[in-house]
Amino acid sequence: MYDTLNTQHSTLISEYFSDKECSIKTKSFTSKKEAYNRNSDVPFVLLDWDVPVNDLLDDIKLIKQYYPQRAGYKHHKWSAVTLYGYGEDKTKSHWEYLGLKSKKGKTKTAQAMKKMFEWVETLPFDRIDDIRILKLSAGGYVYPHIDVKEQSWLEPVSIALNWPSGCFFKFKNFGYVPFTPGQAVVLNVYYEHAVVNFSNECRYQLVIHGKKGSNFWGSVL
Ligand SMILES: [Fe+2]
C-alpha cells in the first residue's frame with residue numbers, strides 16, 4: 001500500500017499514518033461557547049449538513065486546471081483551485097492576500113457552477129470569505145503542518161465531496177477525522193495535521209472560510 005507514495009518523504013508519511021485504525025481521542029463540543037473560544041482544545045467538530053455531493057461533483061467537472069497548492073513545501077500531488085476569492089490561482093486562505101488591491105468574487109472557473117453556488121447560498125454564513133477545491137491525487141499527501149499558530153479555534157469548514165477508501169486525515173495527538181463522502185467538518189488547524197491518499201483516485205475537498213451566522217453552531221453533531 002505504501003508503495004504508491006514513492007517519494008523522499010514516504011517513510012515519514014507511512015509512519016505518521018501507521019496507527020490509522022486508532023480511535024479518536026478528542027473532546028466533544030459541549031456548548032456554543034466553544035464556537036467563540038480562541039484557545040480551544042477541540043480539534044474538529046462534525047456538522048449535520050445535507051451536502052448534495054453528486055451535484056457538486058458534477059460542477060467540479062467544469063474545472064479545467066488545478067494549481068500546485070503551497071508549492072515549495074513538502075506536500076505531494078496536492079493542488080487547488082479557488083471558486084470565490086482573488087482569482088482561481090490564488091489558492092491560499094483569503095487573509096494571505098490582504099495586500100492585493102483586487103476585489104474578491106466568483107472566479108472565472110466558478111462562473112458556470114450554478115448548483116455549487118445555489119447550495120452555498122443556503123449555508124448558515126453571514127459572509128463568505130473564500131471557497132476552494134483542494135485536490136489530493138492518488139498517492140499524494142499533505143505533509144504534517146500547522147496552518148494557524150496564533151490562535152486555536154474552529155475554522156474553516158472542510159467538506160468531503162468524495163473520500164476514496166485509503167484516504168486519511170489525522171490530527172497528531174488526537175486521531176482521525178471520520179470523513180465520508182458528504183461529511184462537513186469544522187477543523188481547528190492550530191493543531192498539527194496531515195492527509196494521505198493511498199487510493200487510486202483523486203480526493204476532492206471543498207473548503208469554505210466565512211463569517212458564521214447565528215444558527216451555524218446548531219448544525220454541530
Ligand atoms: Fe492544513
# chains A, B, ... in the order shown; residues from 1 in each chain; ligands from 1
>>> select_by_dssp(residues="segment 88-121 of chain A", states="helix (DSSP H, G or I)", output="list of chain:residue names")
A:His94, A:Trp95, A:Glu96, A:Tyr97, A:Lys108, A:Thr109, A:Ala110, A:Lys114, A:Lys115, A:Met116, A:Phe117, A:Glu118, A:Trp119, A:Val120
>>> write_last_selection(atoms="N, CA and C atoms", output="PDB file, in the first residue's frame")
ATOM      1  N   HIS A  94      -7.902  33.443   2.273  1.00  0.00           N
ATOM      2  CA  HIS A  94      -8.143  34.815   1.824  1.00  0.00           C
ATOM      3  C   HIS A  94      -7.282  35.850   2.524  1.00  0.00           C
ATOM      4  N   TRP A  95      -6.981  35.647   3.817  1.00  0.00           N
ATOM      5  CA  TRP A  95      -6.229  36.667   4.553  1.00  0.00           C
ATOM      6  C   TRP A  95      -4.760  36.744   4.115  1.00  0.00           C
ATOM      7  N   GLU A  96      -4.322  35.738   3.359  1.00  0.00           N
ATOM      8  CA  GLU A  96      -2.941  35.760   2.875  1.00  0.00           C
ATOM      9  C   GLU A  96      -2.790  36.682   1.662  1.00  0.00           C
ATOM     10  N   TYR A  97      -3.889  37.258   1.197  1.00  0.00           N
ATOM     11  CA  TYR A  97      -3.847  38.171   0.047  1.00  0.00           C
ATOM     12  C   TYR A  97      -4.302  39.572   0.419  1.00  0.00           C
ATOM     13  N   LYS A 108     -13.290  32.903 -12.540  1.00  0.00           N
ATOM     14  CA  LYS A 108     -13.641  32.517 -13.910  1.00  0.00           C
ATOM     15  C   LYS A 108     -14.117  31.065 -13.956  1.00  0.00           C
ATOM     16  N   THR A 109     -13.362  30.207 -13.310  1.00  0.00           N
ATOM     17  CA  THR A 109     -13.715  28.784 -13.262  1.00  0.00           C
ATOM     18  C   THR A 109     -15.107  28.566 -12.688  1.00  0.00           C
ATOM     19  N   ALA A 110     -15.483  29.396 -11.733  1.00  0.00           N
ATOM     20  CA  ALA A 110     -16.716  29.159 -10.972  1.00  0.00           C
ATOM     21  C   ALA A 110     -17.969  29.715 -11.637  1.00  0.00           C
ATOM     22  N   LYS A 114     -23.497  26.594 -11.283  1.00  0.00           N
ATOM     23  CA  LYS A 114     -24.776  27.073 -10.744  1.00  0.00           C
ATOM     24  C   LYS A 114     -25.199  26.291  -9.504  1.00  0.00           C
ATOM     25  N   LYS A 115     -25.083  24.962  -9.562  1.00  0.00           N
ATOM     26  CA  LYS A 115     -25.542  24.136  -8.433  1.00  0.00           C
ATOM     27  C   LYS A 115     -24.698  24.414  -7.199  1.00  0.00           C
ATOM     28  N   MET A 116     -23.410  24.558  -7.406  1.00  0.00           N
ATOM     29  CA  MET A 116     -22.497  24.832  -6.285  1.00  0.00           C
ATOM     30  C   MET A 116     -22.913  26.107  -5.550  1.00  0.00           C
ATOM     31  N   PHE A 117     -23.132  27.178  -6.305  1.00  0.00           N
ATOM     32  CA  PHE A 117     -23.399  28.458  -5.642  1.00  0.00           C
ATOM     33  C   PHE A 117     -24.831  28.563  -5.117  1.00  0.00           C
ATOM     34  N   GLU A 118     -25.756  27.878  -5.767  1.00  0.00           N
ATOM     35  CA  GLU A 118     -27.120  27.829  -5.205  1.00  0.00           C
ATOM     36  C   GLU A 118     -27.088  27.177  -3.831  1.00  0.00           C
ATOM     37  N   TRP A 119     -26.318  26.124  -3.718  1.00  0.00           N
ATOM     38  CA  TRP A 119     -26.238  25.415  -2.433  1.00  0.00           C
ATOM     39  C   TRP A 119     -25.483  26.245  -1.390  1.00  0.00           C
ATOM     40  N   VAL A 120     -24.365  26.830  -1.774  1.00  0.00           N
ATOM     41  CA  VAL A 120     -23.575  27.631  -0.827  1.00  0.00           C
ATOM     42  C   VAL A 120     -24.439  28.745  -0.232  1.00  0.00           C
TER      43      VAL A 120
END
>>> select_by_dssp(residues="segment 130-219 of chain A", states="strand (DSSP E)", output="VMD selection string")
chain A and resid 130 to 145 157 to 160 167 to 171 175 to 176 184 to 187 193 to 197 203 to 212
>>> write_last_selection(atoms="C-alpha atoms", output="PDB file, in the first residue's frame")
ATOM      1  CA  ASP A 130     -13.235  32.222   0.229  1.00  0.00           C
ATOM      2  CA  ILE A 131     -14.249  28.948  -1.405  1.00  0.00           C
ATOM      3  CA  ARG A 132     -11.709  26.487  -2.739  1.00  0.00           C
ATOM      4  CA  ILE A 133     -11.482  22.955  -4.069  1.00  0.00           C
ATOM      5  CA  LEU A 134      -8.481  21.034  -2.766  1.00  0.00           C
ATOM      6  CA  LYS A 135      -7.482  18.039  -4.840  1.00  0.00           C
ATOM      7  CA  LEU A 136      -5.221  15.309  -3.488  1.00  0.00           C
ATOM      8  CA  SER A 137      -4.253  12.949  -6.274  1.00  0.00           C
ATOM      9  CA  ALA A 138      -3.704   9.208  -5.872  1.00  0.00           C
ATOM     10  CA  GLY A 139      -0.541   8.566  -3.886  1.00  0.00           C
ATOM     11  CA  GLY A 140      -0.435  12.178  -2.698  1.00  0.00           C
ATOM     12  CA  TYR A 141      -0.172  13.608   0.765  1.00  0.00           C
ATOM     13  CA  VAL A 142      -0.397  16.846   2.689  1.00  0.00           C
ATOM     14  CA  TYR A 143       2.745  16.890   4.818  1.00  0.00           C
ATOM     15  CA  PRO A 144       2.259  17.369   8.607  1.00  0.00           C
ATOM     16  CA  HIS A 145       1.805  21.060   9.329  1.00  0.00           C
ATOM     17  CA  VAL A 157     -15.320  24.284   7.127  1.00  0.00           C
ATOM     18  CA  SER A 158     -13.961  21.351   5.135  1.00  0.00           C
ATOM     19  CA  ILE A 159     -16.348  19.132   3.169  1.00  0.00           C
ATOM     20  CA  ALA A 160     -15.503  15.775   1.626  1.00  0.00           C
ATOM     21  CA  CYS A 167      -7.733   8.477   2.366  1.00  0.00           C
ATOM     22  CA  PHE A 168      -6.908   9.548   5.927  1.00  0.00           C
ATOM     23  CA  PHE A 169      -6.936  12.917   7.706  1.00  0.00           C
ATOM     24  CA  LYS A 170      -5.091  12.845  11.011  1.00  0.00           C
ATOM     25  CA  PHE A 171      -4.632  15.310  13.836  1.00  0.00           C
ATOM     26  CA  GLY A 175      -6.625  10.842  15.887  1.00  0.00           C
ATOM     27  CA  TYR A 176      -8.529  10.594  12.653  1.00  0.00           C
ATOM     28  CA  ALA A 184     -18.840  18.561   6.536  1.00  0.00           C
ATOM     29  CA  VAL A 185     -16.370  19.237   9.353  1.00  0.00           C
ATOM     30  CA  VAL A 186     -15.104  22.361  11.080  1.00  0.00           C
ATOM     31  CA  LEU A 187     -11.378  21.922  11.517  1.00  0.00           C
ATOM     32  CA  HIS A 193      -2.459  17.612  10.880  1.00  0.00           C
ATOM     33  CA  ALA A 194      -1.692  15.689   7.710  1.00  0.00           C
ATOM     34  CA  VAL A 195      -3.631  13.946   4.958  1.00  0.00           C
ATOM     35  CA  VAL A 196      -2.751  10.980   2.770  1.00  0.00           C
ATOM     36  CA  ASN A 197      -4.382   9.362  -0.223  1.00  0.00           C
ATOM     37  CA  ARG A 203      -9.810  13.100  -3.471  1.00  0.00           C
ATOM     38  CA  TYR A 204     -11.783  16.353  -3.741  1.00  0.00           C
ATOM     39  CA  GLN A 205     -12.445  18.588  -0.765  1.00  0.00           C
ATOM     40  CA  LEU A 206     -14.490  21.794  -0.650  1.00  0.00           C
ATOM     41  CA  VAL A 207     -13.142  24.308   1.861  1.00  0.00           C
ATOM     42  CA  ILE A 208     -15.031  27.434   2.918  1.00  0.00           C
ATOM     43  CA  HIS A 209     -13.961  30.348   5.107  1.00  0.00           C
ATOM     44  CA  GLY A 210     -16.663  32.743   6.183  1.00  0.00           C
ATOM     45  CA  LYS A 211     -18.370  34.594   8.972  1.00  0.00           C
ATOM     46  CA  LYS A 212     -20.603  32.066  10.631  1.00  0.00           C
TER      47      LYS A 212
END
>>> atom_distance(atom1="atom CA of Met113 of chain A", atom2="atom CA of Phe179 of chain A")
24.1 Å
>>> closest_residue(among="A:Val220, A:Ser199, A:Thr107, A:Gly166", to="Lys20 of chain A", atoms="only C-alpha atoms")
A:Gly166
>>> residues_around(residues="Leu221 of chain A", least_positions_apart="3", cutoff="10 Å", atoms="only C-alpha atoms", output="list in words")
Ser28, Phe29, Val45, Leu46, Leu47, Asp48, Trp49, Val185, Trp217 and Gly218 of chain A
>>> atom_distance(atom1="atom CA of Leu12 of chain A", atom2="atom CA of Phe174 of chain A")
18.1 Å
>>> closest_residue(among="A:Gln69, A:Ser102, A:Asn200, A:Asn215", to="ligand 1", atoms="only C-alpha atoms and all ligand atoms")
A:Gln69
>>> atom_distance(atom1="atom CA of Asn188 of chain A", atom2="atom CA of Ser152 of chain A")
6.5 Å
>>> closest_residue(among="A:Tyr191, A:Tyr73, A:Tyr67, A:Tyr36", to="His9 of chain A", atoms="only C-alpha atoms")
A:Tyr73
>>> closest_residue(among="A:Gly85, A:Asn54, A:Cys202, A:Arg70", to="ligand 1", atoms="only C-alpha atoms and all ligand atoms")
A:Arg70
>>> residues_around(residues="Lys106 of chain A", least_positions_apart="6", cutoff="9 Å", atoms="only C-alpha atoms", output="short mmCIF file (atom, residue, chain, number, x, y, z; two decimals) with C-alpha atoms, in the first residue's frame")
data_model
loop_
_atom_site.label_atom_id
_atom_site.label_comp_id
_atom_site.auth_asym_id
_atom_site.auth_seq_id
_atom_site.Cartn_x
_atom_site.Cartn_y
_atom_site.Cartn_z
CA THR A 82 -10.33 28.95 -5.97
CA LEU A 83 -14.03 29.35 -6.77
CA TYR A 84 -14.60 32.50 -4.73
CA GLY A 85 -11.68 34.72 -3.86
CA TYR A 86 -9.00 36.81 -5.53
CA GLY A 87 -8.51 34.59 -8.57
CA GLU A 88 -8.65 30.93 -9.42
CA ILE A 131 -14.25 28.95 -1.41
#
>>> closest_residue(among="A:Ser40, A:Thr91, A:Thr122, A:Ser219", to="Trp78 of chain A", atoms="only C-alpha atoms")
A:Thr91
